[in-house]
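File shown: final_12.cif. Contents: mmCIF, C-alpha atoms.
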```
data_query
#
loop_
_atom_site.label_atom_id
_atom_site.label_comp_id
_atom_site.auth_asym_id
_atom_site.auth_seq_id
_atom_site.Cartn_x
_atom_site.Cartn_y
_atom_site.Cartn_z
CA MET A 1 61.67 -21.68 37.50
CA LYS A 2 58.80 -20.39 39.64
CA MET A 3 58.49 -17.39 37.34
CA LYS A 4 58.21 -19.68 34.28
CA ARG A 5 55.51 -21.73 35.98
CA PHE A 6 53.65 -18.57 36.94
CA MET A 7 53.78 -17.24 33.35
CA ALA A 8 52.63 -20.61 32.00
CA LEU A 9 49.68 -20.55 34.41
CA LEU A 10 48.74 -17.05 33.27
CA LEU A 11 48.88 -18.18 29.63
CA VAL A 12 46.62 -21.18 30.33
CA MET A 13 44.12 -18.95 32.15
CA ALA A 14 44.12 -16.47 29.29
CA LEU A 15 43.50 -19.21 26.74
CA ALA A 16 40.74 -20.72 28.86
CA PHE A 17 39.05 -17.35 29.19
CA ALA A 18 39.28 -16.81 25.42
CA VAL A 19 37.65 -20.19 24.78
CA VAL A 20 34.70 -19.76 27.12
CA THR A 21 33.95 -16.12 26.35
CA PRO A 22 31.64 -15.86 23.29
CA VAL A 23 32.37 -13.00 20.91
CA PHE A 24 29.62 -11.79 18.61
CA ALA A 25 31.73 -9.63 16.33
CA SER A 26 29.38 -9.95 13.37
CA PRO A 27 25.63 -9.44 13.06
CA SER A 28 23.33 -12.36 12.29
CA ARG A 29 23.00 -13.22 8.60
CA TRP A 30 19.51 -11.77 8.33
CA ALA A 31 20.77 -8.41 9.63
CA GLU A 32 24.16 -8.21 7.90
CA GLU A 33 23.15 -6.05 4.95
CA ASP A 34 21.21 -3.52 7.00
CA VAL A 35 23.85 -3.28 9.73
CA ASP A 36 26.61 -2.77 7.15
CA ASP A 37 24.59 -0.08 5.37
CA ALA A 38 23.76 1.68 8.62
CA ILE A 39 27.41 1.74 9.70
CA GLU A 40 28.44 3.07 6.29
CA LEU A 41 25.84 5.84 6.57
CA GLY A 42 27.10 6.83 10.01
CA LEU A 43 23.94 5.73 11.81
CA VAL A 44 25.72 3.47 14.30
CA PRO A 45 28.12 4.91 16.91
CA VAL A 46 31.46 3.07 17.04
CA ARG A 47 30.78 1.66 20.50
CA LEU A 48 27.67 -0.13 19.17
CA GLN A 49 29.42 -1.76 16.20
CA SER A 50 29.92 -5.11 17.94
CA ASN A 51 28.09 -7.55 20.22
CA PHE A 52 25.11 -7.30 17.92
CA GLN A 53 23.08 -10.00 19.66
CA ASN A 54 23.21 -8.18 23.01
CA THR A 55 20.00 -6.72 24.36
CA THR A 56 19.73 -3.01 23.60
CA THR A 57 19.76 -0.71 26.61
CA ARG A 58 17.75 2.46 26.90
CA ALA A 59 20.87 4.60 26.48
CA GLU A 60 22.03 2.66 23.41
CA PHE A 61 18.71 3.11 21.67
CA ALA A 62 18.85 6.82 22.47
CA ALA A 63 22.29 6.96 20.79
CA LEU A 64 20.95 5.29 17.64
CA ALA A 65 17.93 7.59 17.57
CA VAL A 66 20.12 10.69 17.92
CA ALA A 67 22.43 9.47 15.13
CA LEU A 68 19.46 9.13 12.77
CA TYR A 69 17.93 12.44 13.80
CA GLU A 70 21.19 14.37 13.34
CA ASN A 71 21.80 12.62 10.01
CA GLN A 72 18.48 14.03 8.78
CA ARG A 73 18.01 17.29 10.70
CA GLY A 74 21.44 18.38 11.88
CA PRO A 75 22.96 18.76 15.36
CA ILE A 76 20.77 18.91 18.45
CA GLY A 77 21.67 21.95 20.48
CA GLY A 78 19.63 21.50 23.67
CA ARG A 79 19.93 19.10 26.57
CA VAL A 80 17.77 17.60 29.32
CA PHE A 81 19.74 16.40 32.33
CA PHE A 82 19.19 13.39 34.59
CA ASP A 83 20.67 12.50 37.97
CA ASP A 84 21.80 8.97 37.03
CA THR A 85 23.58 9.63 33.71
CA ASN A 86 25.60 12.24 31.87
CA ASN A 87 25.29 10.43 28.54
CA ILE A 88 25.10 13.19 25.94
CA ASP A 89 22.94 11.12 23.58
CA VAL A 90 20.38 10.54 26.31
CA GLU A 91 20.33 14.27 27.07
CA LYS A 92 19.87 15.12 23.37
CA ALA A 93 17.16 12.49 22.84
CA ALA A 94 15.25 13.77 25.85
CA TYR A 95 15.52 17.35 24.58
CA ILE A 96 13.78 16.52 21.27
CA GLY A 97 11.15 14.41 23.02
CA ILE A 98 12.22 10.92 21.96
CA VAL A 99 12.93 9.59 25.46
CA SER A 100 11.85 10.52 28.97
CA GLY A 101 12.80 9.58 32.50
CA VAL A 102 11.49 6.81 34.72
CA GLY A 103 10.66 9.09 37.66
CA GLY A 104 12.65 10.99 40.28
CA ASN A 105 14.71 12.67 37.54
CA ARG A 106 16.26 9.30 36.73
CA PHE A 107 16.65 7.77 33.25
CA ASN A 108 17.82 4.20 33.99
CA PRO A 109 20.35 4.21 31.10
CA TYR A 110 21.38 0.57 31.50
CA GLY A 111 17.86 -0.81 31.65
CA ASN A 112 17.03 -3.31 28.91
CA LEU A 113 14.72 -2.08 26.19
CA THR A 114 11.50 -4.07 25.68
CA ARG A 115 9.76 -4.46 22.34
CA GLU A 116 6.80 -2.27 23.30
CA GLN A 117 9.17 0.43 24.58
CA ALA A 118 11.07 0.25 21.29
CA ALA A 119 7.81 0.67 19.35
CA VAL A 120 6.91 3.82 21.27
CA LEU A 121 10.40 5.28 20.82
CA VAL A 122 10.39 4.52 17.09
CA ALA A 123 7.10 6.39 16.67
CA ARG A 124 8.59 9.33 18.60
CA VAL A 125 11.72 9.32 16.43
CA MET A 126 9.65 9.66 13.26
CA GLU A 127 7.57 12.43 14.79
CA ALA A 128 10.70 14.30 15.88
CA ILE A 129 12.21 14.04 12.39
CA GLY A 130 9.00 15.36 10.87
CA TYR A 131 7.50 12.16 9.47
CA PRO A 132 4.82 11.16 11.99
CA LEU A 133 3.45 7.68 11.45
CA PRO A 134 -0.33 7.51 10.89
CA PRO A 135 -2.38 6.38 13.92
CA ALA A 136 -3.39 2.74 13.89
CA GLN A 137 -4.46 0.04 16.29
CA PRO A 138 -2.34 -3.11 16.65
CA ASN A 139 -3.92 -6.41 15.66
CA PHE A 140 -1.64 -9.01 17.24
CA ALA A 141 -2.91 -12.15 18.92
CA ASP A 142 -1.40 -10.93 22.22
CA ASN A 143 -2.86 -7.42 22.05
CA ASN A 144 -4.13 -7.83 25.60
CA ARG A 145 -0.54 -8.02 26.84
CA ILE A 146 0.46 -4.68 25.28
CA SER A 147 0.53 -1.90 27.91
CA SER A 148 -2.09 0.79 27.42
CA TRP A 149 0.58 3.50 27.11
CA ALA A 150 2.31 1.52 24.31
CA ARG A 151 -0.73 0.50 22.28
CA ASP A 152 -0.70 3.56 20.02
CA GLY A 153 3.01 3.27 19.28
CA VAL A 154 2.79 -0.45 18.57
CA GLY A 155 -0.15 0.13 16.23
CA ARG A 156 1.68 2.84 14.32
CA VAL A 157 4.89 0.85 13.76
CA GLN A 158 2.97 -2.31 12.85
CA ALA A 159 0.86 -0.48 10.26
CA ALA A 160 3.97 1.16 8.84
CA GLY A 161 5.77 -2.18 8.62
CA ILE A 162 8.64 -1.02 10.81
CA MET A 163 8.10 -3.67 13.47
CA GLY A 164 6.22 -6.92 13.03
CA GLY A 165 5.54 -9.93 15.20
CA ILE A 166 7.83 -12.70 16.34
CA GLY A 167 5.72 -15.47 14.77
CA ASN A 168 2.15 -16.77 15.04
CA ASN A 169 0.96 -13.15 15.02
CA MET A 170 2.49 -12.58 18.46
CA PHE A 171 4.14 -9.25 19.28
CA SER A 172 5.70 -10.20 22.64
CA PRO A 173 5.55 -6.68 24.11
CA GLY A 174 7.76 -7.52 27.10
CA GLY A 175 10.38 -9.32 25.00
CA THR A 176 13.84 -7.85 24.62
CA TYR A 177 15.10 -5.94 21.58
CA THR A 178 18.64 -6.69 20.45
CA ARG A 179 21.26 -4.28 19.21
CA GLU A 180 21.06 -5.61 15.65
CA GLN A 181 17.27 -5.36 15.69
CA SER A 182 17.56 -1.75 16.80
CA ILE A 183 20.07 -0.97 14.05
CA VAL A 184 17.89 -2.63 11.40
CA THR A 185 14.94 -0.60 12.67
CA MET A 186 16.89 2.64 12.30
CA MET A 187 17.91 1.62 8.79
CA ARG A 188 14.23 1.12 7.93
CA LEU A 189 13.41 4.57 9.27
CA TYR A 190 16.25 6.05 7.23
CA THR A 191 14.87 4.38 4.08
CA LEU A 192 11.38 5.67 4.79
CA VAL A 193 12.57 9.24 5.27
CA GLU A 194 14.92 9.15 2.26
CA TYR A 195 12.70 7.37 -0.25
CA GLY A 196 9.19 7.44 1.21
CA GLU A 197 9.10 3.65 0.74
CA LEU A 198 8.91 1.38 3.70
CA ILE A 199 5.47 -0.07 4.29
CA PHE A 200 5.75 -3.85 4.34
CA VAL A 201 2.83 -4.47 2.05
CA THR A 202 3.41 -1.13 0.36
CA PRO A 203 0.25 0.91 -0.33
CA PRO A 204 0.04 3.03 -3.46
CA PRO A 205 1.05 6.69 -3.14
CA PRO A 206 -1.66 9.30 -2.38
CA GLY A 207 -4.24 9.48 -5.12
CA ALA A 208 -3.59 6.00 -6.50
CA THR A 209 -6.16 3.26 -6.19
CA PRO A 210 -4.78 -0.14 -5.23
CA THR A 211 -5.73 -2.94 -7.59
CA PRO A 212 -7.37 -5.88 -5.82
CA ILE A 213 -6.77 -9.47 -6.85
CA PRO A 214 -9.86 -10.39 -8.84
CA THR A 215 -11.92 -13.23 -7.35
CA PRO A 216 -13.85 -15.41 -9.78
CA VAL A 217 -17.63 -15.03 -9.33
CA PRO A 218 -19.50 -18.30 -9.91
CA GLU A 219 -22.23 -18.24 -12.54
CA PRO A 220 -25.77 -18.70 -11.11
CA THR A 221 -27.26 -22.13 -11.70
CA PRO A 222 -30.38 -21.85 -13.91
CA ILE A 223 -33.60 -23.44 -12.60
CA SER A 224 -34.81 -26.02 -15.09
CA GLY A 225 -38.07 -25.05 -16.77
CA ALA A 226 -38.35 -21.64 -15.07
CA THR A 227 -38.79 -18.55 -17.21
CA PRO A 228 -38.13 -15.41 -15.21
CA THR A 229 -40.44 -12.46 -15.85
CA PRO A 230 -38.49 -9.21 -15.99
CA MET A 231 -39.84 -6.27 -13.98
CA PRO A 232 -38.98 -2.62 -14.42
CA PRO A 233 -36.23 -1.52 -12.06
CA GLY A 234 -37.53 -0.59 -8.62
CA VAL A 235 -41.11 -1.80 -9.26
CA THR A 236 -42.63 -4.35 -6.88
CA PRO A 237 -45.98 -5.82 -8.05
CA THR A 238 -48.61 -5.35 -5.32
CA PRO A 239 -51.87 -7.34 -5.67
CA LEU A 240 -55.06 -5.28 -5.22
CA PRO A 241 -57.62 -7.06 -3.01
CA GLY A 242 -60.89 -7.75 -4.76
CA ALA A 243 -59.84 -6.18 -8.00
CA THR A 244 -61.02 -7.72 -11.27
CA PRO A 245 -58.09 -8.22 -13.53
CA THR A 246 -58.29 -6.25 -16.76
CA PRO A 247 -57.56 -8.28 -19.86
CA ALA A 248 -54.24 -7.36 -21.33
CA PRO A 249 -54.48 -5.59 -24.68
CA VAL A 250 -53.29 -7.47 -27.71
CA VAL A 251 -49.98 -6.01 -28.76
CA THR A 252 -48.77 -6.37 -32.29
CA PRO A 253 -45.15 -7.45 -32.00
CA LEU A 254 -42.60 -5.21 -33.62
CA PRO A 255 -40.00 -6.80 -35.83
CA THR A 256 -36.97 -7.84 -33.81
CA PRO A 257 -33.96 -5.76 -34.83
CA THR A 258 -30.89 -7.68 -35.86
CA ALA A 259 -28.38 -7.32 -33.03
CA THR A 260 -24.81 -6.43 -33.81
CA PRO A 261 -22.76 -9.24 -32.33
CA THR A 262 -20.43 -8.22 -29.51
CA PRO A 263 -16.89 -9.35 -30.27
CA THR A 264 -15.66 -12.05 -27.93
CA PRO A 265 -12.78 -10.75 -25.83
CA THR A 266 -9.46 -12.30 -26.75
CA ALA A 267 -6.48 -12.85 -24.52
CA ALA A 268 -4.70 -10.01 -26.30
CA ASN A 269 -7.29 -7.36 -25.46
CA GLN A 270 -8.12 -8.88 -22.05
CA PHE A 271 -4.54 -8.78 -20.85
CA PRO A 272 -2.54 -6.24 -22.90
CA PHE A 273 1.14 -5.93 -22.11
CA PRO A 274 1.96 -2.75 -20.16
CA GLN A 275 4.46 -0.47 -21.84
CA SER A 276 6.13 2.56 -20.30
CA SER A 277 6.98 5.62 -22.36
CA ILE A 278 10.15 6.13 -20.30
CA VAL A 279 13.28 4.45 -21.63
CA LEU A 280 15.41 3.24 -18.73
CA PRO A 281 19.14 4.01 -18.85
CA ASN A 282 21.85 1.36 -19.08
CA ARG A 283 23.13 2.40 -15.65
CA ARG A 284 21.76 3.02 -12.20
CA ALA A 285 18.82 5.38 -12.45
CA THR A 286 19.00 8.72 -10.71
CA GLU A 287 16.45 9.60 -8.04
CA ALA A 288 14.64 11.92 -10.50
CA GLU A 289 14.54 9.22 -13.19
CA ARG A 290 13.31 6.61 -10.74
CA GLN A 291 10.60 8.90 -9.39
CA ALA A 292 9.44 9.79 -12.90
CA TRP A 293 9.12 6.08 -13.66
CA ILE A 294 7.15 5.43 -10.45
CA ASP A 295 4.84 8.37 -11.15
CA GLU A 296 4.08 7.03 -14.62
CA TYR A 297 3.59 3.51 -13.21
CA TRP A 298 0.72 4.75 -11.03
CA GLU A 299 -0.63 7.04 -13.76
CA MET A 300 -0.90 3.92 -15.94
CA GLY A 301 -3.06 2.35 -13.21
CA GLY A 302 -0.44 0.52 -11.17
CA PRO A 303 -0.40 -3.27 -11.51
CA ALA A 304 -1.67 -4.29 -14.95
CA ALA A 305 -4.42 -6.85 -15.53
CA PHE A 306 -1.82 -9.26 -16.93
CA GLU A 307 0.30 -9.01 -13.78
CA ILE A 308 -2.66 -9.31 -11.39
CA GLU A 309 -3.90 -12.38 -13.26
CA VAL A 310 -0.47 -14.01 -12.92
CA VAL A 311 -0.63 -13.44 -9.16
CA ARG A 312 -4.13 -14.89 -9.02
CA LEU A 313 -3.14 -18.01 -10.97
CA VAL A 314 -0.06 -18.59 -8.83
CA ASN A 315 -2.19 -18.30 -5.69
CA ILE A 316 -4.70 -20.80 -7.08
CA ILE A 317 -1.85 -23.28 -7.56
CA ARG A 318 -0.58 -22.66 -4.05
CA GLU A 319 -4.05 -23.06 -2.55
CA GLU A 320 -4.54 -26.34 -4.42
CA ASN A 321 -1.28 -27.53 -2.87
CA ASN A 322 -2.30 -26.49 0.67
CA LEU A 323 0.12 -23.55 0.75
CA ALA A 324 -0.47 -20.03 2.04
CA ILE A 325 -1.89 -17.43 -0.32
CA LEU A 326 0.72 -14.78 -1.10
CA GLN A 327 0.09 -11.07 -0.47
CA ILE A 328 0.89 -8.53 -3.15
CA ASP A 329 3.89 -6.40 -2.23
CA ASP A 330 3.58 -3.26 -4.36
CA SER A 331 7.32 -2.60 -4.21
CA LEU A 332 7.96 -6.06 -5.66
CA MET A 333 5.26 -5.48 -8.29
CA MET A 334 6.92 -2.24 -9.37
CA ALA A 335 10.41 -3.75 -9.27
CA ALA A 336 9.32 -6.75 -11.37
CA ARG A 337 7.86 -4.41 -14.01
CA TYR A 338 10.98 -2.24 -13.84
CA TYR A 339 13.22 -5.26 -14.35
CA THR A 340 11.26 -6.62 -17.31
CA GLN A 341 11.33 -3.16 -18.88
CA ILE A 342 15.13 -3.14 -18.66
CA GLN A 343 15.15 -6.48 -20.46
CA ALA A 344 12.77 -5.17 -23.11
CA ASN A 345 14.64 -1.86 -23.58
CA LEU A 346 17.97 -3.63 -24.03
CA ASN A 347 16.44 -6.63 -25.85
CA ILE A 348 18.78 -9.13 -24.26
CA GLY A 349 18.49 -12.65 -22.95
CA SER A 350 15.73 -15.17 -23.24
CA GLY A 351 14.45 -14.19 -19.83
CA HIS A 352 15.48 -17.53 -18.37
CA ASN A 353 19.09 -16.76 -17.48
CA ILE A 354 19.10 -13.13 -16.42
CA GLY A 355 18.82 -12.64 -12.69
CA PRO A 356 18.99 -9.29 -10.94
CA TYR A 357 22.61 -10.09 -10.08
CA GLY A 358 23.34 -12.37 -13.06
CA VAL A 359 26.14 -12.35 -15.64
CA GLU A 360 24.12 -10.35 -18.15
CA GLY A 361 23.31 -7.90 -15.39
CA ALA A 362 26.97 -7.29 -14.67
CA ARG A 363 27.64 -6.88 -18.39
CA HIS A 364 24.96 -4.26 -18.81
CA GLY A 365 25.61 -2.18 -15.74
CA ALA A 366 24.10 -1.44 -12.37
CA SER A 367 20.58 -1.08 -13.73
CA PHE A 368 20.27 -4.84 -13.37
CA ASN A 369 20.89 -4.58 -9.65
CA VAL A 370 17.18 -4.04 -9.10
CA ALA A 371 17.50 -3.19 -5.41
CA LEU A 372 19.80 -0.27 -6.24
CA ALA A 373 18.33 0.77 -9.56
CA PHE A 374 14.83 0.87 -8.12
CA GLY A 375 16.12 2.99 -5.26
CA GLY A 376 14.36 1.14 -2.45
CA ARG A 377 15.43 -1.85 -0.39
CA LEU A 378 13.75 -4.90 -1.82
CA ARG A 379 13.50 -8.33 -0.26
CA TRP A 380 13.20 -11.42 -2.41
CA ASN A 381 14.05 -15.10 -2.21
CA GLY A 382 14.45 -15.49 -5.94
CA GLY A 383 12.41 -15.21 -9.08
CA ASN A 384 10.94 -16.87 -12.16
CA SER A 385 11.70 -15.33 -15.53
CA ALA A 386 10.26 -15.89 -19.00
CA ALA A 387 9.73 -14.17 -22.33
CA GLY A 388 7.18 -14.17 -25.13
CA ARG A 389 4.14 -15.55 -23.25
CA HIS A 390 0.99 -13.86 -24.52
CA THR A 391 -1.44 -14.83 -21.75
CA PRO A 392 -1.04 -15.14 -17.99
CA GLN A 393 -2.25 -18.75 -18.18
CA SER A 394 0.37 -19.77 -20.75
CA LEU A 395 3.04 -18.05 -18.64
CA VAL A 396 2.10 -19.79 -15.40
CA ASP A 397 1.69 -23.10 -17.29
CA ALA A 398 5.22 -22.74 -18.66
CA TRP A 399 6.60 -22.19 -15.17
CA TRP A 400 4.55 -25.12 -13.83
CA ASN A 401 5.97 -27.43 -16.51
CA SER A 402 9.54 -26.58 -15.48
CA ALA A 403 10.63 -28.37 -12.29
CA GLY A 404 12.79 -25.52 -10.99
CA HIS A 405 10.19 -22.83 -11.65
CA ARG A 406 7.44 -25.04 -10.21
CA ASN A 407 9.40 -25.66 -7.01
CA PHE A 408 9.93 -21.92 -6.62
CA MET A 409 6.19 -21.23 -6.88
CA LEU A 410 5.53 -23.95 -4.29
CA SER A 411 8.10 -22.83 -1.74
CA PRO A 412 6.30 -22.85 1.64
CA GLU A 413 8.33 -20.01 3.16
CA HIS A 414 7.04 -17.41 0.72
CA ARG A 415 4.60 -14.79 2.00
CA PHE A 416 4.76 -11.93 -0.53
CA ILE A 417 4.65 -11.75 -4.31
CA GLY A 418 5.28 -9.32 -7.14
CA ALA A 419 4.71 -9.98 -10.86
CA GLY A 420 5.90 -7.82 -13.72
CA THR A 421 5.48 -7.81 -17.50
CA HIS A 422 6.63 -5.30 -20.11
CA ALA A 423 6.15 -5.21 -23.86
CA GLY A 424 9.12 -5.12 -26.20
CA GLY A 425 12.15 -7.04 -27.34
CA GLN A 426 12.47 -9.82 -29.88
CA TRP A 427 10.01 -12.06 -27.98
CA GLY A 428 7.31 -9.39 -27.71
CA ALA A 429 7.38 -9.21 -23.90
CA PHE A 430 9.39 -10.14 -20.84
CA HIS A 431 7.98 -11.50 -17.58
CA TYR A 432 9.31 -11.77 -14.04
CA LEU A 433 7.96 -13.10 -10.75
CA PHE A 434 9.39 -12.13 -7.36
CA MET A 435 8.55 -14.01 -4.15
CA SER A 436 9.76 -13.32 -0.64
CA ASP A 437 9.39 -14.43 2.96
CA ARG A 438 9.68 -10.79 4.04
CA ALA A 439 8.01 -7.75 2.58
CA SER A 440 10.01 -4.93 1.05
CA TYR A 441 10.69 -1.66 2.74
#
```
Starting from the coordinates I provided, produce the structure as structure tokens.
Amino acid sequence: MKMKRFMALLLVMALAFAVVTPVFASPSRWAEEDVDDAIELGLVPVRLQSNFQNTTTRAEFAALAVALYENQRGPIGGRVFFDDTNNIDVEKAAYIGIVSGVGGNRFNPYGNLTREQAAVLVARVMEAIGYPLPPAQPNFADNNRISSWARDGVGRVQAAGIMGGIGNNMFSPGGTYTREQSIVTMMRLYTLVEYGELIFVTPPPPGATPTPIPTPVPEPTPISGATPTPMPPGVTPTPLPGATPTPAPVVTPLPTPTATPTPTPTAANQFPFPQSSIVLPNRRATEAERQAWIDEYWEMGGPAAFEIEVVRLVNIIREENNLAILQIDDSLMMAARYYTQIQANLNIGSGHNIGPYGVEGARHGASFNVALAFGGRLRWNGGNSAAGRHTPQSLVDAWWNSAGHRNFMLSPEHRFIGAGTHAGGQWGAFHYLFMSDRASY
């Protein structure tokens, strides 16, 4: 009887312990995709594939850094030894210059990693792999709290889009860095090394000139009754003191030539539809095919006037409704063009019912999975689609007159935008608008 009571007590204690002990077996929703991809790629050691909300330790970050380095550059042969740990990943990371000790030949492997420490280590990882991040200065509201030794690293990872703030333009240099944040960071580095595409607001590749959003210039207000006298360029009339003015000679006017009227620009020649010479396959594009398309995109001048005007008109609407102006994300701009070209090449759908993961997309193969077909890792909250609109204004008006499309354009959480248009198909052109609360990488 006593034995039964004892076993029952043990069972109750076990159940109680199970109830009060939180288990974070899965990553947070925002990190799920990246964590899953990183595990599949072998970038996350087995011992770090749980408890994703735990604070990352110095030794754990070293393990993730070594996994990425060896994935890209092969095994690390050397070691640097410390007195307070025999962790092989720490020894490897120290050998290639990613980590260092804290003094007295100690490493402090179980110390929690801060955000500014993570920034410095990330910059070192990229340098060790052979992709050093360009120097930059951070521009957070709490810059004065960033340690002097970390300022360069923080500036580099901010400019590269690898690490951002925590809100209100605050970096929180002494804040902790969780395991899932560290894994997502490594996945971003992997994407940058593999595809050369990571920057949050992605700049054009070398040699390309980014296209600014045109700002309307107000016409000068004419002064009533004033007739301006034109002067030759660079000539300033200087009065001569005491000089007697010489009467101007009488000039016989020449007959005024009949001017050839300049044709008024039309919407068609102001905003021509872009059209690629590359026909996209009805499958996931290969890396070579994708790169050829991207090269031609920039050779054509990058974002087209039609697409830039769409962005400008959407931002005017948002500004009129007291919403934040959206920043152009070049990856989303390219992906939107890419997607509309697929629609035009295959000549399917009205443009209103084909999403990147929609039914028509599944029917026509993986090319409609824009994130995979484009080869990068895009971020979007949704999109507006249309077909056959011949001016940016008529396109944005059509979206505005549709409640669902209008609500999408007015979503307050959006921060980034990408617009795409491509000629072709039975409607003459297809159009797509991406918006996102996070930039692509």
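Using all atoms listed in the file for every distance, the candidate list A:Pro412, A:Gly418, A:Pro135, A:Gly175 yields A:Gly418 as the residue closest to Ile308 (chain A).
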Selected by the PyMOL selection byres ((chain A and resi 168) around 10) in the shown coordinates: which residues, as a PyMOL selection string?
chain A and resi 140-142+165-167+169-171
Could you tell me which residues the PyMOL selection byres ((chain A and resi 430) around 8) grabs in this file, written as a ChimeraX atom specification?
/A:340-341,343-344,351,385-389,421-425,427-429,431-432
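Closest approach to Leu332 (chain A) among A:Ser277, A:Asn108, A:Thr391, A:Ser436 is made by A:Ser436 (distances from only C-alpha atoms).
Evaluated on this file, the PyMOL selection byres ((chain A and resi 71-76) around 9) matches Leu41, Gly42, Leu43, Val66, Ala67, Leu68, Tyr69, Glu70, Gly77, Gly78, Arg79, Lys92, Ala93, Tyr95, Ile96, Ile129, Tyr190, Val193 and Glu194 of chain A.
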Have region 111-125 of chain A completed to N, CA, C and O atoms, please, and pass it along as a PDB file, in the frame of the given file.
```
ATOM      1  N   GLY A 111      19.020   0.071  31.691  1.00  0.00           N
ATOM      2  CA  GLY A 111      17.860  -0.810  31.650  1.00  0.00           C
ATOM      3  C   GLY A 111      17.655  -1.396  30.267  1.00  0.00           C
ATOM      4  O   GLY A 111      17.858  -0.711  29.245  1.00  0.00           O
ATOM      5  N   ASN A 112      17.278  -2.668  30.206  1.00  0.00           N
ATOM      6  CA  ASN A 112      17.030  -3.310  28.910  1.00  0.00           C
ATOM      7  C   ASN A 112      15.773  -2.765  28.261  1.00  0.00           C
ATOM      8  O   ASN A 112      14.771  -2.514  28.934  1.00  0.00           O
ATOM      9  N   LEU A 113      15.846  -2.602  26.960  1.00  0.00           N
ATOM     10  CA  LEU A 113      14.720  -2.080  26.190  1.00  0.00           C
ATOM     11  C   LEU A 113      13.782  -3.222  25.822  1.00  0.00           C
ATOM     12  O   LEU A 113      14.221  -4.258  25.321  1.00  0.00           O
ATOM     13  N   THR A 114      12.489  -3.061  26.082  1.00  0.00           N
ATOM     14  CA  THR A 114      11.500  -4.070  25.680  1.00  0.00           C
ATOM     15  C   THR A 114      10.957  -3.727  24.294  1.00  0.00           C
ATOM     16  O   THR A 114      11.119  -2.602  23.799  1.00  0.00           O
ATOM     17  N   ARG A 115      10.288  -4.672  23.693  1.00  0.00           N
ATOM     18  CA  ARG A 115       9.760  -4.460  22.340  1.00  0.00           C
ATOM     19  C   ARG A 115       8.688  -3.377  22.313  1.00  0.00           C
ATOM     20  O   ARG A 115       8.646  -2.560  21.390  1.00  0.00           O
ATOM     21  N   GLU A 116       7.823  -3.322  23.316  1.00  0.00           N
ATOM     22  CA  GLU A 116       6.800  -2.270  23.300  1.00  0.00           C
ATOM     23  C   GLU A 116       7.414  -0.903  23.564  1.00  0.00           C
ATOM     24  O   GLU A 116       6.961   0.101  23.003  1.00  0.00           O
ATOM     25  N   GLN A 117       8.467  -0.842  24.395  1.00  0.00           N
ATOM     26  CA  GLN A 117       9.170   0.430  24.580  1.00  0.00           C
ATOM     27  C   GLN A 117       9.820   0.873  23.274  1.00  0.00           C
ATOM     28  O   GLN A 117       9.762   2.052  22.908  1.00  0.00           O
ATOM     29  N   ALA A 118      10.439  -0.078  22.569  1.00  0.00           N
ATOM     30  CA  ALA A 118      11.070   0.250  21.290  1.00  0.00           C
ATOM     31  C   ALA A 118      10.049   0.798  20.304  1.00  0.00           C
ATOM     32  O   ALA A 118      10.314   1.766  19.584  1.00  0.00           O
ATOM     33  N   ALA A 119       8.852   0.206  20.274  1.00  0.00           N
ATOM     34  CA  ALA A 119       7.810   0.670  19.350  1.00  0.00           C
ATOM     35  C   ALA A 119       7.431   2.116  19.629  1.00  0.00           C
ATOM     36  O   ALA A 119       7.297   2.935  18.712  1.00  0.00           O
ATOM     37  N   VAL A 120       7.267   2.443  20.899  1.00  0.00           N
ATOM     38  CA  VAL A 120       6.910   3.820  21.270  1.00  0.00           C
ATOM     39  C   VAL A 120       8.021   4.781  20.875  1.00  0.00           C
ATOM     40  O   VAL A 120       7.774   5.866  20.325  1.00  0.00           O
ATOM     41  N   LEU A 121       9.280   4.402  21.144  1.00  0.00           N
ATOM     42  CA  LEU A 121      10.400   5.280  20.820  1.00  0.00           C
ATOM     43  C   LEU A 121      10.551   5.469  19.316  1.00  0.00           C
ATOM     44  O   LEU A 121      10.877   6.563  18.850  1.00  0.00           O
ATOM     45  N   VAL A 122      10.314   4.408  18.551  1.00  0.00           N
ATOM     46  CA  VAL A 122      10.390   4.520  17.090  1.00  0.00           C
ATOM     47  C   VAL A 122       9.364   5.527  16.585  1.00  0.00           C
ATOM     48  O   VAL A 122       9.665   6.370  15.729  1.00  0.00           O
ATOM     49  N   ALA A 123       8.141   5.438  17.086  1.00  0.00           N
ATOM     50  CA  ALA A 123       7.100   6.390  16.670  1.00  0.00           C
ATOM     51  C   ALA A 123       7.510   7.819  17.030  1.00  0.00           C
ATOM     52  O   ALA A 123       7.289   8.756  16.253  1.00  0.00           O
ATOM     53  N   ARG A 124       8.141   7.995  18.193  1.00  0.00           N
ATOM     54  CA  ARG A 124       8.590   9.330  18.600  1.00  0.00           C
ATOM     55  C   ARG A 124       9.725   9.833  17.715  1.00  0.00           C
ATOM     56  O   ARG A 124       9.816  11.032  17.411  1.00  0.00           O
ATOM     57  N   VAL A 125      10.621   8.925  17.308  1.00  0.00           N
ATOM     58  CA  VAL A 125      11.720   9.320  16.430  1.00  0.00           C
ATOM     59  C   VAL A 125      11.170   9.896  15.128  1.00  0.00           C
ATOM     60  O   VAL A 125      11.595  10.964  14.667  1.00  0.00           O
TER      61      VAL A 125
END
```
